[in-house]
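Text of run-v1.cif, listed as mmCIF, C-alpha atoms and all ligand atoms:
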```cif
data_upload
#
loop_
_atom_site.label_atom_id
_atom_site.label_comp_id
_atom_site.auth_asym_id
_atom_site.auth_seq_id
_atom_site.Cartn_x
_atom_site.Cartn_y
_atom_site.Cartn_z
CA MET A 1 8.84 -12.54 40.55
CA ARG A 2 11.07 -15.09 38.81
CA ASP A 3 14.01 -13.93 36.70
CA LYS A 4 13.02 -12.63 33.32
CA ILE A 5 13.55 -14.89 30.32
CA TRP A 6 14.27 -12.67 27.33
CA LEU A 7 13.46 -13.29 23.70
CA SER A 8 17.10 -12.76 22.75
CA SER A 9 19.77 -11.16 24.91
CA PRO A 10 23.49 -10.39 24.46
CA HIS A 11 25.82 -13.33 25.07
CA MET A 12 29.49 -12.46 25.43
CA GLY A 13 32.13 -15.06 24.67
CA GLY A 14 34.94 -13.91 26.96
CA ASN A 15 37.58 -12.44 24.68
CA GLU A 16 35.69 -9.27 23.79
CA LEU A 17 37.37 -7.34 26.64
CA LYS A 18 40.80 -8.51 25.56
CA TYR A 19 40.39 -6.77 22.20
CA VAL A 20 38.81 -3.69 23.79
CA ASN A 21 41.67 -3.49 26.30
CA GLU A 22 44.23 -3.77 23.50
CA ALA A 23 42.63 -0.75 21.89
CA PHE A 24 42.77 1.17 25.19
CA ASP A 25 46.39 0.16 25.84
CA ALA A 26 47.47 1.39 22.42
CA ASN A 27 45.25 4.49 22.80
CA TRP A 28 43.53 3.34 19.62
CA VAL A 29 40.19 4.61 20.86
CA ALA A 30 39.57 6.86 17.89
CA PRO A 31 37.93 5.50 14.70
CA LEU A 32 39.66 2.85 12.61
CA GLY A 33 42.59 0.75 13.71
CA PRO A 34 43.48 -2.91 14.17
CA ASN A 35 40.11 -4.05 15.55
CA VAL A 36 38.21 -2.57 12.61
CA ASP A 37 40.56 -4.29 10.16
CA GLY A 38 40.50 -7.51 12.18
CA PHE A 39 36.70 -7.63 12.49
CA GLU A 40 36.33 -7.05 8.76
CA LYS A 41 38.82 -9.84 7.98
CA ASP A 42 37.02 -12.19 10.39
CA LEU A 43 33.69 -11.51 8.68
CA GLU A 44 35.19 -11.89 5.21
CA SER A 45 36.66 -15.28 6.01
CA PHE A 46 33.48 -16.41 7.78
CA LEU A 47 31.26 -15.49 4.83
CA ASN A 48 33.65 -17.59 2.81
CA THR A 49 33.46 -15.98 -0.58
CA ASP A 50 35.50 -13.45 -2.46
CA ILE A 51 33.89 -10.48 -0.77
CA LYS A 52 34.77 -7.26 1.02
CA VAL A 53 33.12 -6.09 4.22
CA ALA A 54 32.88 -2.54 5.59
CA VAL A 55 31.89 -2.40 9.26
CA LEU A 56 29.58 0.48 10.17
CA SER A 57 27.67 2.02 13.05
CA ALA A 58 24.48 0.04 12.31
CA GLY A 59 22.77 -2.30 9.90
CA THR A 60 20.41 0.55 9.08
CA ALA A 61 23.39 2.69 8.03
CA ALA A 62 24.61 -0.17 5.82
CA LEU A 63 21.23 -0.32 4.07
CA HIS A 64 21.29 3.43 3.53
CA LEU A 65 24.75 3.25 1.93
CA ALA A 66 23.72 0.24 -0.19
CA LEU A 67 20.80 2.24 -1.57
CA ILE A 68 23.05 5.22 -2.27
CA GLU A 69 25.57 3.01 -4.06
CA CYS A 70 22.72 1.59 -6.15
CA GLY A 71 22.01 5.17 -7.23
CA THR A 72 18.75 5.65 -5.33
CA GLN A 73 17.56 9.24 -5.52
CA HIS A 74 14.65 11.44 -4.56
CA GLY A 75 11.47 10.28 -6.31
CA ASP A 76 12.73 6.78 -7.09
CA GLU A 77 10.93 3.57 -6.14
CA VAL A 78 12.55 0.69 -4.21
CA ILE A 79 11.02 -2.75 -3.74
CA CYS A 80 11.06 -4.10 -0.19
CA GLN A 81 9.75 -7.18 1.60
CA SER A 82 6.72 -6.09 3.63
CA MET A 83 7.11 -8.49 6.52
CA THR A 84 10.24 -7.22 8.24
CA PHE A 85 11.55 -4.82 10.84
CA SER A 86 11.05 -1.14 9.95
CA ALA A 87 14.81 -0.66 9.56
CA SER A 88 14.62 -2.54 6.24
CA ALA A 89 12.34 0.13 4.81
CA ASN A 90 13.31 3.37 6.60
CA PRO A 91 16.50 3.95 4.55
CA ILE A 92 14.33 4.06 1.40
CA ALA A 93 12.65 7.10 2.94
CA TYR A 94 16.06 8.59 3.89
CA CYS A 95 16.79 8.65 0.15
CA GLY A 96 13.50 10.41 -0.57
CA ALA A 97 12.34 7.31 -2.44
CA THR A 98 9.06 5.37 -2.16
CA PRO A 99 8.93 1.81 -0.88
CA ILE A 100 6.95 -0.73 -2.91
CA PHE A 101 6.01 -3.53 -0.52
CA ILE A 102 5.89 -7.21 -1.44
CA ASP A 103 4.05 -9.99 0.37
CA SER A 104 5.68 -13.11 1.84
CA GLU A 105 5.30 -16.69 0.65
CA LYS A 106 4.46 -19.54 3.02
CA ASP A 107 7.65 -21.62 2.87
CA THR A 108 10.22 -19.11 4.11
CA TRP A 109 7.96 -16.19 5.17
CA ASN A 110 10.20 -14.07 2.95
CA MET A 111 9.63 -12.21 -0.32
CA CYS A 112 7.19 -13.98 -2.64
CA PRO A 113 8.82 -14.27 -6.10
CA VAL A 114 5.40 -14.27 -7.81
CA ALA A 115 4.32 -11.03 -6.15
CA LEU A 116 7.77 -9.58 -6.82
CA GLU A 117 7.51 -10.11 -10.58
CA GLU A 118 3.93 -8.84 -10.64
CA ALA A 119 5.09 -5.68 -8.87
CA ILE A 120 8.02 -5.07 -11.20
CA GLU A 121 5.83 -5.49 -14.29
CA ASP A 122 3.22 -3.13 -12.88
CA ARG A 123 5.73 -0.46 -11.81
CA VAL A 124 7.50 -0.65 -15.17
CA SER A 125 4.14 -0.35 -16.98
CA LYS A 126 3.48 2.78 -14.90
CA GLY A 127 6.76 4.19 -16.20
CA LYS A 128 9.02 3.57 -13.23
CA LYS A 129 11.60 0.85 -12.93
CA PRO A 130 12.48 0.13 -9.29
CA LYS A 131 16.06 1.04 -8.34
CA ALA A 132 16.65 -1.95 -6.07
CA ILE A 133 15.04 -4.97 -4.43
CA ILE A 134 15.48 -5.33 -0.66
CA VAL A 135 14.96 -8.95 0.32
CA VAL A 136 15.12 -10.05 3.97
CA HIS A 137 16.13 -13.39 5.52
CA LEU A 138 13.60 -13.22 8.32
CA TYR A 139 14.54 -14.76 11.68
CA GLY A 140 17.55 -16.27 9.90
CA MET A 141 15.54 -18.17 7.29
CA PRO A 142 17.07 -17.83 3.82
CA ALA A 143 14.73 -16.34 1.22
CA LYS A 144 14.10 -18.08 -2.12
CA MET A 145 17.28 -16.62 -3.59
CA ASP A 146 17.34 -18.63 -6.84
CA GLU A 147 13.91 -17.37 -7.88
CA ILE A 148 14.48 -13.82 -6.66
CA THR A 149 17.91 -13.55 -8.28
CA ALA A 150 16.52 -14.85 -11.59
CA ILE A 151 13.78 -12.19 -11.60
CA ALA A 152 16.23 -9.46 -10.59
CA GLU A 153 18.56 -10.43 -13.43
CA LYS A 154 15.72 -10.61 -15.93
CA TYR A 155 14.74 -7.01 -15.18
CA GLU A 156 18.30 -5.88 -14.37
CA ILE A 157 17.50 -4.57 -10.90
CA PRO A 158 20.14 -4.90 -8.14
CA VAL A 159 19.32 -6.99 -5.08
CA ILE A 160 20.17 -5.76 -1.59
CA GLU A 161 20.03 -8.59 0.94
CA ASP A 162 19.01 -7.61 4.44
CA ALA A 163 20.84 -10.38 6.32
CA ALA A 164 20.68 -8.50 9.65
CA GLU A 165 19.09 -11.56 11.25
CA ALA A 166 20.87 -14.19 9.19
CA LEU A 167 24.59 -14.20 9.95
CA GLY A 168 25.49 -17.89 9.87
CA SER A 169 22.58 -18.91 7.62
CA THR A 170 23.20 -20.42 4.19
CA TYR A 171 21.23 -21.21 1.05
CA LYS A 172 22.61 -24.07 -1.05
CA GLY A 173 25.76 -23.85 1.03
CA LYS A 174 26.36 -20.15 0.32
CA SER A 175 26.23 -17.51 3.06
CA CYS A 176 23.20 -15.25 3.31
CA GLY A 177 24.29 -11.70 2.58
CA THR A 178 26.58 -12.72 -0.30
CA PHE A 179 23.99 -13.27 -3.05
CA GLY A 180 22.97 -9.72 -3.87
CA ARG A 181 24.79 -6.71 -5.28
CA PHE A 182 25.08 -5.78 -1.58
CA GLY A 183 24.28 -7.48 1.70
CA ILE A 184 23.90 -5.99 5.14
CA LEU A 185 24.52 -7.39 8.61
CA SER A 186 23.56 -6.11 12.07
CA PHE A 187 25.31 -6.48 15.42
CA ASN A 188 22.57 -4.82 17.42
CA GLY A 189 22.05 -5.97 21.01
CA ASN A 190 19.48 -8.66 20.25
CA LYS A 191 21.12 -10.19 17.16
CA ILE A 192 22.94 -13.54 17.00
CA ILE A 193 26.20 -11.76 17.83
CA THR A 194 26.39 -8.20 19.07
CA THR A 195 28.86 -5.35 19.37
CA SER A 196 26.29 -3.45 21.52
CA GLY A 197 25.36 -1.72 18.27
CA GLY A 198 26.82 -1.95 14.80
CA GLY A 199 26.43 -3.27 11.29
CA ALA A 200 28.26 -4.12 8.12
CA LEU A 201 27.96 -3.69 4.38
CA VAL A 202 28.88 -6.80 2.39
CA CYS A 203 30.37 -5.87 -1.00
CA HIS A 204 31.66 -7.78 -4.01
CA SER A 205 34.48 -5.44 -4.98
CA GLN A 206 37.12 -3.35 -3.27
CA GLU A 207 35.73 -0.37 -5.16
CA ASP A 208 32.26 -0.76 -3.64
CA LYS A 209 33.77 -1.17 -0.19
CA ASP A 210 36.05 1.86 -0.62
CA LYS A 211 33.07 3.94 -1.62
CA ALA A 212 31.16 2.83 1.49
CA VAL A 213 34.12 3.68 3.72
CA PHE A 214 34.47 7.07 2.01
CA LEU A 215 30.78 7.93 2.44
CA SER A 216 30.71 6.62 6.03
CA THR A 217 33.60 8.86 7.10
CA GLN A 218 32.15 12.21 5.98
CA ALA A 219 33.19 11.90 2.31
CA ARG A 220 36.52 13.64 2.69
CA ASP A 221 38.36 14.13 -0.57
CA ASN A 222 42.09 13.46 -0.70
CA ALA A 223 43.49 16.85 0.38
CA PRO A 224 45.44 18.26 3.36
CA HIS A 225 42.49 20.49 4.30
CA TYR A 226 38.87 19.34 4.57
CA GLN A 227 37.62 19.16 1.00
CA HIS A 228 34.24 17.71 0.02
CA SER A 229 32.58 17.00 -3.29
CA HIS A 230 29.92 14.58 -1.96
CA ILE A 231 27.46 14.54 0.94
CA GLY A 232 29.03 12.37 3.63
CA TYR A 233 27.79 10.39 6.62
CA ASN A 234 29.19 9.52 10.04
CA TYR A 235 28.51 5.79 9.79
CA ARG A 236 31.86 4.07 10.40
CA MET A 237 32.28 1.58 13.26
CA SER A 238 34.74 2.60 15.99
CA ASN A 239 37.82 0.60 16.92
CA ILE A 240 36.40 -0.05 20.43
CA VAL A 241 33.11 -1.45 19.15
CA ALA A 242 34.96 -3.58 16.56
CA GLY A 243 36.93 -5.14 19.43
CA ILE A 244 33.69 -6.57 20.81
CA GLY A 245 32.95 -7.88 17.33
CA ARG A 246 36.28 -9.72 17.13
CA GLY A 247 35.54 -11.47 20.41
CA GLN A 248 32.04 -12.37 19.25
CA MET A 249 33.35 -13.83 15.98
CA GLU A 250 35.26 -16.41 18.02
CA VAL A 251 31.96 -17.82 19.30
CA LEU A 252 29.64 -17.25 16.32
CA THR A 253 29.56 -20.91 15.31
CA ASP A 254 28.65 -21.90 18.89
CA ARG A 255 25.91 -19.29 18.92
CA VAL A 256 24.40 -20.64 15.72
CA GLU A 257 24.48 -24.15 17.15
CA ALA A 258 22.79 -23.02 20.39
CA ARG A 259 20.03 -21.14 18.52
CA ARG A 260 19.42 -24.15 16.30
CA LYS A 261 19.14 -26.31 19.42
CA MET A 262 16.46 -23.93 20.74
CA HIS A 263 14.55 -24.52 17.50
CA ASP A 264 14.87 -28.30 17.97
CA PHE A 265 13.64 -27.88 21.53
CA TYR A 266 10.44 -26.23 20.28
CA VAL A 267 9.98 -28.79 17.49
CA GLU A 268 10.09 -31.50 20.16
CA ILE A 269 7.51 -29.75 22.38
CA PHE A 270 5.08 -28.93 19.59
CA LYS A 271 5.27 -32.39 18.03
CA GLU A 272 2.75 -33.31 20.70
CA ILE A 273 0.46 -30.30 20.16
CA ASP A 274 -2.01 -30.22 17.25
CA GLY A 275 -2.51 -26.96 15.40
CA VAL A 276 0.86 -25.36 16.08
CA GLU A 277 3.56 -25.19 13.45
CA VAL A 278 7.20 -24.41 14.29
CA PHE A 279 8.90 -22.25 11.65
CA SER A 280 11.38 -24.64 9.99
CA GLU A 281 13.47 -24.96 6.83
CA PRO A 282 11.29 -26.05 3.90
CA ALA A 283 14.07 -28.15 2.30
CA SER A 284 17.68 -29.15 2.80
CA ASP A 285 18.87 -26.26 0.58
CA TYR A 286 18.00 -23.97 3.47
CA PHE A 287 20.14 -23.68 6.59
CA SER A 288 18.76 -21.17 9.11
CA ASN A 289 20.71 -19.84 12.08
CA HIS A 290 17.27 -19.84 13.78
CA TRP A 291 18.02 -16.45 15.28
CA LEU A 292 14.48 -16.44 16.62
CA SER A 293 12.31 -19.52 16.90
CA ALA A 294 8.73 -18.82 15.93
CA ILE A 295 5.41 -20.63 15.80
CA VAL A 296 2.11 -20.19 14.02
CA ILE A 297 -0.99 -21.08 16.01
CA ASN A 298 -4.06 -22.32 14.18
CA SER A 299 -6.83 -20.90 16.38
CA GLU A 300 -9.53 -23.08 14.84
CA ILE A 301 -7.72 -26.24 15.89
CA THR A 302 -6.29 -25.08 19.22
CA GLY A 303 -9.02 -22.68 20.32
CA LYS A 304 -6.25 -20.28 21.37
CA THR A 305 -4.57 -17.23 19.92
CA ARG A 306 -0.97 -16.13 19.89
CA GLU A 307 -2.00 -13.22 22.12
CA ASP A 308 -3.39 -15.66 24.73
CA LEU A 309 -0.04 -17.44 24.77
CA ARG A 310 1.96 -14.20 24.90
CA LEU A 311 -0.01 -13.01 27.95
CA THR A 312 0.37 -16.41 29.63
CA PHE A 313 4.14 -16.18 29.15
CA ILE A 314 4.14 -12.71 30.75
CA GLU A 315 2.55 -14.14 33.91
CA ASP A 316 5.71 -16.22 34.31
CA ASN A 317 7.99 -13.28 33.36
CA ILE A 318 8.85 -14.79 29.98
CA GLU A 319 9.16 -12.55 26.94
CA SER A 320 7.63 -13.51 23.59
CA ARG A 321 6.63 -11.27 20.69
CA PRO A 322 4.26 -11.28 17.72
CA LEU A 323 5.97 -11.63 14.33
CA TRP A 324 7.01 -8.42 12.56
CA LYS A 325 3.94 -6.41 11.65
CA PRO A 326 4.06 -6.02 7.85
CA MET A 327 5.22 -2.61 6.66
CA HIS A 328 2.22 -2.07 4.38
CA LEU A 329 0.04 -2.16 7.52
CA GLN A 330 2.16 0.42 9.36
CA PRO A 331 0.67 3.91 9.66
CA VAL A 332 3.93 5.50 8.53
CA PHE A 333 3.83 3.60 5.20
CA ALA A 334 0.05 3.69 4.69
CA ASP A 335 0.40 5.34 1.27
CA ALA A 336 3.00 2.95 -0.15
CA PRO A 337 1.93 0.49 -2.87
CA TYR A 338 1.64 -3.19 -1.90
CA TYR A 339 1.58 -6.37 -3.99
CA GLY A 340 0.46 -9.72 -2.65
CA LYS A 341 -2.23 -11.88 -1.15
CA ASN A 342 -2.00 -11.00 2.56
CA ILE A 343 0.07 -14.00 3.58
CA ALA A 344 2.26 -11.75 5.72
CA GLU A 345 -0.85 -10.34 7.36
CA LYS A 346 -2.07 -13.81 8.31
CA LEU A 347 1.37 -14.73 9.67
CA PHE A 348 1.32 -11.58 11.78
CA ASP A 349 -2.13 -12.48 13.15
CA ASP A 350 -1.18 -16.03 14.14
CA GLY A 351 2.57 -16.01 14.71
CA LEU A 352 4.68 -15.63 17.83
CA CYS A 353 8.45 -15.46 18.41
CA LEU A 354 9.60 -17.49 21.39
CA PRO A 355 12.61 -17.12 23.70
CA SER A 356 15.57 -18.08 21.52
CA GLY A 357 18.74 -16.83 23.21
CA SER A 358 21.94 -18.84 23.05
CA ASN A 359 22.39 -18.25 26.79
CA LEU A 360 19.17 -19.87 28.06
CA SER A 361 19.68 -22.49 30.77
CA ASP A 362 18.09 -25.91 31.23
CA ASP A 363 16.00 -24.36 34.01
CA ASP A 364 14.79 -21.67 31.62
CA ARG A 365 13.79 -24.33 29.12
CA ILE A 366 11.86 -26.24 31.78
CA ARG A 367 9.96 -23.07 32.69
CA ILE A 368 9.16 -22.37 29.04
CA LYS A 369 8.06 -25.93 28.39
CA ASN A 370 5.83 -25.99 31.45
CA VAL A 371 4.04 -22.80 30.41
CA ILE A 372 3.46 -24.11 26.88
CA ASN A 373 2.23 -27.52 27.97
CA LYS A 374 -0.10 -26.09 30.60
CA PHE A 375 -1.44 -23.48 28.17
CA PHE A 376 -2.29 -25.95 25.43
CA SER A 377 -3.70 -28.66 27.71
CA LYS A 378 -6.32 -26.37 29.23
C1 LIG B 1 18.04 -5.40 13.28
C2 LIG B 1 17.58 -5.28 11.88
C3 LIG B 1 17.98 -4.22 11.06
C4 LIG B 1 18.72 -3.02 11.56
O1 LIG B 1 19.95 -3.23 12.09
P1 LIG B 1 20.55 -2.16 13.14
O2 LIG B 1 21.95 -2.63 13.29
O3 LIG B 1 19.75 -2.27 14.38
O4 LIG B 1 20.46 -0.82 12.50
C5 LIG B 1 17.58 -4.23 9.74
N1 LIG B 1 16.81 -5.19 9.25
C6 LIG B 1 16.38 -6.21 10.01
C7 LIG B 1 15.53 -7.26 9.38
C8 LIG B 1 16.73 -6.28 11.35
O5 LIG B 1 16.26 -7.28 12.11
#
```

If you convert what's in this file into structure tokens, what do you get?
Ligand SMILES: *Cc1c(COP(=O)(O)O)cnc(C)c1O
Amino acid sequence: MRDKIWLSSPHMGGNELKYVNEAFDANWVAPLGPNVDGFEKDLESFLNTDIKVAVLSAGTAALHLALIECGTQHGDEVICQSMTFSASANPIAYCGATPIFIDSEKDTWNMCPVALEEAIEDRVSKGKKPKAIIVVHLYGMPAKMDEITAIAEKYEIPVIEDAAEALGSTYKGKSCGTFGRFGILSFNGNKIITTSGGGALVCHSQEDKDKAVFLSTQARDNAPHYQHSHIGYNYRMSNIVAGIGRGQMEVLTDRVEARRKMHDFYVEIFKEIDGVEVFSEPASDYFSNHWLSAIVINSEITGKTREDLRLTFIEDNIESRPLWKPMHLQPVFADAPYYGKNIAEKLFDDGLCLPSGSNLSDDDRIRIKNVINKFFSK
């Protein structure tokens, strides 16, 4: 069997161990310390706006804290993009709230502004104003933030941007994750940079960040003994893990460039193949990190399905994956309301994510290209 080509695998830069070793040498293994501060500063200057970042144990934890800071309580409703990874929606359930799922639109595959407004009007008419809007920048593609922000402001509902897949992406020159009341990032193993596991909450004030740090470290009041007046969480990132993050920040720009090159590689291949569309920026306002490259296969034109291609890749030990299955189609969220026209459903039926790692070799690319060309010429 040939070596496996992964969809997206960790890619260390070289200096991660230096920072981890520094933490060991200073016995700064316990939570907080110079790497946590340093990683947060690195992220703040990378995102390039007047923001504050709290690094946490996971992107999912960051979403949970964002919802809490937006005041989400038991029985509330929270709007969420349907086409996404389950971690976008699960924290709504942690709060005892109900997700209201919104369809995608065709340009960015992200939240459809038309369906969003329809949903808000309908929920408000039923007597419940949603507590927050969770919008996702899927596969690194910025969502239609102008339209979504305008609707959110009109109805005075805070936006939480799930930028777990979009570190390094921008919309109109501004970093994804910095548009909403809160943004979240993920450094899970398959993301554009990784700390093995971790996440961050992107805030717009020191106060919001301080609150996140307080809640993520068991909500300890200021007292010599352990005193608590809030429910706390154990969500803070450790100083060891943050050391990996500092090393990864040194190579983030290279990683974005390499992922974007993978996208160009697929554009080049599929230029020659009718009936396959490579997921690309709809206009120059959008700059995607192309965390994952993806295609949509028109079966009527090609006579093939995305599942045919996925299985063909497996024969050559190459990993590919269908697009995220929309949340409103997931058994666990079967009862949640949904607004839209089934665009996400159609994308799920026809779409496939292709190997996109920043560490793929020229040989890997030749193997991938050969499989694709053979598959579509049959
Ligand atoms: C990875 C991911 C998350 C969760 O991040 P973790 O750090 O794994 O908890 C949330 N939303 C989306 C869209 C993701 O891809």

- Which residues form the shell of 7 Å around ligand LIG 1 (chain B) when you count all atoms listed in the file, given as a list in words?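 Checked against 7 Å with all atoms listed in the file; the hits are Ala58, Gly59, Thr60, Ala61, Thr84, Phe85, Ala87, Ser88, Val136, Leu138, Asp162, Ala163, Ala164, Glu165, Ser186, Phe187, Asn188, Lys191, Gly197, Gly198 and Gly199 of chain A.
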
- Item | Two-atom distance - atom CA of A:Ile244, atom CA of A:Val55 (Å) |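 Rounded to one decimal, the two atoms are 12.4 Å apart.
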
- Point out the residue among A:Leu352, A:Val267, A:Met111, A:Ala93 with the least atom-to-atom distance to A:Glu307, counting all atoms listed in the file.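 Smallest distance to A:Glu307 is found for A:Leu352.
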
- Message: as a PyMOL selection string, please: the residues near A:Lys341 (cut-off 10 Å, only C-alpha atoms, same-chain neighbours under 5 positions excluded).
- Response: chain A and resi 102-105+112+115+346

Selection file, C-alpha atoms, as an mmCIF file, keeping the file's coordinate frame:
```cif
data_model
loop_
_atom_site.group_PDB
_atom_site.id
_atom_site.type_symbol
_atom_site.label_atom_id
_atom_site.label_comp_id
_atom_site.auth_asym_id
_atom_site.auth_seq_id
_atom_site.Cartn_x
_atom_site.Cartn_y
_atom_site.Cartn_z
ATOM 1 C CA ILE A 102 5.890 -7.210 -1.440
ATOM 2 C CA ASP A 103 4.050 -9.990 0.370
ATOM 3 C CA SER A 104 5.680 -13.110 1.840
ATOM 4 C CA GLU A 105 5.300 -16.690 0.650
ATOM 5 C CA CYS A 112 7.190 -13.980 -2.640
ATOM 6 C CA ALA A 115 4.320 -11.030 -6.150
ATOM 7 C CA LYS A 346 -2.070 -13.810 8.310
#
```

- Taking the point (32.0, -8.0, 14.4) as given in the file, collect each protein or nucleic acid residue that comes within 8 Å of it, counting only C-alpha atoms, and present the set as a PyMOL selection string. chain A and resi 39-40+42-43+55+187+193-195+198-199+242-249

Can I get the residues of stretch 238-356 of chain A within 8 Å of stretch 368-371 of chain A, each with the closest pair of atoms and their distance in Å to one decimal, using only C-alpha atoms, sorted chain first then ascending number, as CSV?
```
residue,atom,partner,partner_atom,distance
A:Ile269,CA,A:Lys369,CA,7.1
A:Thr312,CA,A:Val371,CA,7.4
A:Phe313,CA,A:Val371,CA,6.7
A:Asp316,CA,A:Val371,CA,7.8
A:Ile318,CA,A:Ile368,CA,7.6
```

- Expected answer as a list in words: all residues with atoms within 12 Å of (34.0, 3.4, 19.7), all atoms listed in the file: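 Collected hits near the coordinates: Val20, Ala23, Phe24, Asn27, Trp28, Val29, Ala30, Pro31, Leu32, Gly33, Asn35, Val36, Leu56, Ser57, Thr195, Ser196, Gly197, Gly198, Tyr235, Arg236, Met237, Ser238, Asn239, Ile240, Val241, Ala242, Gly243, Ile244 and Gly245 of chain A.
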
Just the selected residues (C-alpha atoms), exported as an mmCIF file, in the coordinates of the input, please.
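Writing the result to again01.cif gives the following:
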```
data_model
loop_
_atom_site.group_PDB
_atom_site.id
_atom_site.type_symbol
_atom_site.label_atom_id
_atom_site.label_comp_id
_atom_site.auth_asym_id
_atom_site.auth_seq_id
_atom_site.Cartn_x
_atom_site.Cartn_y
_atom_site.Cartn_z
ATOM 1 C CA VAL A 20 38.810 -3.690 23.790
ATOM 2 C CA ALA A 23 42.630 -0.750 21.890
ATOM 3 C CA PHE A 24 42.770 1.170 25.190
ATOM 4 C CA ASN A 27 45.250 4.490 22.800
ATOM 5 C CA TRP A 28 43.530 3.340 19.620
ATOM 6 C CA VAL A 29 40.190 4.610 20.860
ATOM 7 C CA ALA A 30 39.570 6.860 17.890
ATOM 8 C CA PRO A 31 37.930 5.500 14.700
ATOM 9 C CA LEU A 32 39.660 2.850 12.610
ATOM 10 C CA GLY A 33 42.590 0.750 13.710
ATOM 11 C CA ASN A 35 40.110 -4.050 15.550
ATOM 12 C CA VAL A 36 38.210 -2.570 12.610
ATOM 13 C CA LEU A 56 29.580 0.480 10.170
ATOM 14 C CA SER A 57 27.670 2.020 13.050
ATOM 15 C CA THR A 195 28.860 -5.350 19.370
ATOM 16 C CA SER A 196 26.290 -3.450 21.520
ATOM 17 C CA GLY A 197 25.360 -1.720 18.270
ATOM 18 C CA GLY A 198 26.820 -1.950 14.800
ATOM 19 C CA TYR A 235 28.510 5.790 9.790
ATOM 20 C CA ARG A 236 31.860 4.070 10.400
ATOM 21 C CA MET A 237 32.280 1.580 13.260
ATOM 22 C CA SER A 238 34.740 2.600 15.990
ATOM 23 C CA ASN A 239 37.820 0.600 16.920
ATOM 24 C CA ILE A 240 36.400 -0.050 20.430
ATOM 25 C CA VAL A 241 33.110 -1.450 19.150
ATOM 26 C CA ALA A 242 34.960 -3.580 16.560
ATOM 27 C CA GLY A 243 36.930 -5.140 19.430
ATOM 28 C CA ILE A 244 33.690 -6.570 20.810
ATOM 29 C CA GLY A 245 32.950 -7.880 17.330
#
```

- Task: Name all residues at most 12 Å from A:Glu121 (count all atoms listed in the file; drop same-chain ones fewer than 6 positions away) and give them as a VMD selection string.
- Result: chain A and resid 114 to 115 127 to 130 151 to 152 154 to 155 339

- Item | Nearest candidate to A:Trp6 (options A:His225, A:Arg321, A:Lys374, A:Lys18; using all atoms listed in the file) |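 Going through A:His225, A:Arg321, A:Lys374, A:Lys18 one by one, the smallest distance to A:Trp6 is for A:Arg321.
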
- Length of the atom CA of A:Ile295 to atom CA of A:Trp109 vector [Å]: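 Taking atom CA of A:Ile295 and atom CA of A:Trp109, their separation equals 11.8 Å.
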
- Task: State, in Å with one decimal place, the distance from atom CA of A:Leu7 to atom CA of A:Asn298.
- Result: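 Between atom CA of A:Leu7 and atom CA of A:Asn298 the gap is 21.9 Å.
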
- Task: Considering all atoms listed in the file, state which residue in the set A:Leu167, A:Leu201, A:Ala344, A:Gln81 is at the smallest distance from A:Leu252.
- Result: A:Leu167

- Excluding A:Thr253 and residues on its chain fewer than 4 positions from it, collect all residues at most 12 Å away from it, counting all atoms listed in the file, and give them as a PyMOL selection string. chain A and resi 13+46-47+167-169+192-193+248-249+257-260+289+358

Output C-alpha atoms for every residue in that selection, as a compact mmCIF listing (two decimals), in the frame of the given file.
```txt
# COMPACT_ATOMS: atom_id res chain seq x y z
CA GLY A 13 32.13 -15.06 24.67
CA PHE A 46 33.48 -16.41 7.78
CA LEU A 47 31.26 -15.49 4.83
CA LEU A 167 24.59 -14.20 9.95
CA GLY A 168 25.49 -17.89 9.87
CA SER A 169 22.58 -18.91 7.62
CA ILE A 192 22.94 -13.54 17.00
CA ILE A 193 26.20 -11.76 17.83
CA GLN A 248 32.04 -12.37 19.25
CA MET A 249 33.35 -13.83 15.98
CA GLU A 257 24.48 -24.15 17.15
CA ALA A 258 22.79 -23.02 20.39
CA ARG A 259 20.03 -21.14 18.52
CA ARG A 260 19.42 -24.15 16.30
CA ASN A 289 20.71 -19.84 12.08
CA SER A 358 21.94 -18.84 23.05
```

- Message: Need the shell around A:His228: protein/DNA/RNA residues with any atom at most 7 Å away, counting only C-alpha atoms. Skip same-chain ones fewer than 3 positions apart. Format as a list in words?
- Response: Ala219, Arg220 and Asp221 of chain A

- Message: Residues within 10 Å of A:Leu65, please, as a PyMOL selection string. Count all atoms listed in the file; anything in the same chain fewer than 6 positions from it doesn't count.
- Response: chain A and resi 56+59+71-72+91+95+182+184+201+211-213+215-216+233+235

- For each of A:Val276, A:Val124, A:Leu323, A:Met1, take the minimum atom-to-atom distance to A:Phe376, counting all atoms listed in the file, then give the residue where this is smallest.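 Looking at the shortest contact to A:Phe376, the residue is A:Val276.
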
- Item | Pick from A:Tyr19, A:Phe375, A:Tyr171, A:Trp324 nearest to A:Ser86, counting only C-alpha atoms | A:Trp324
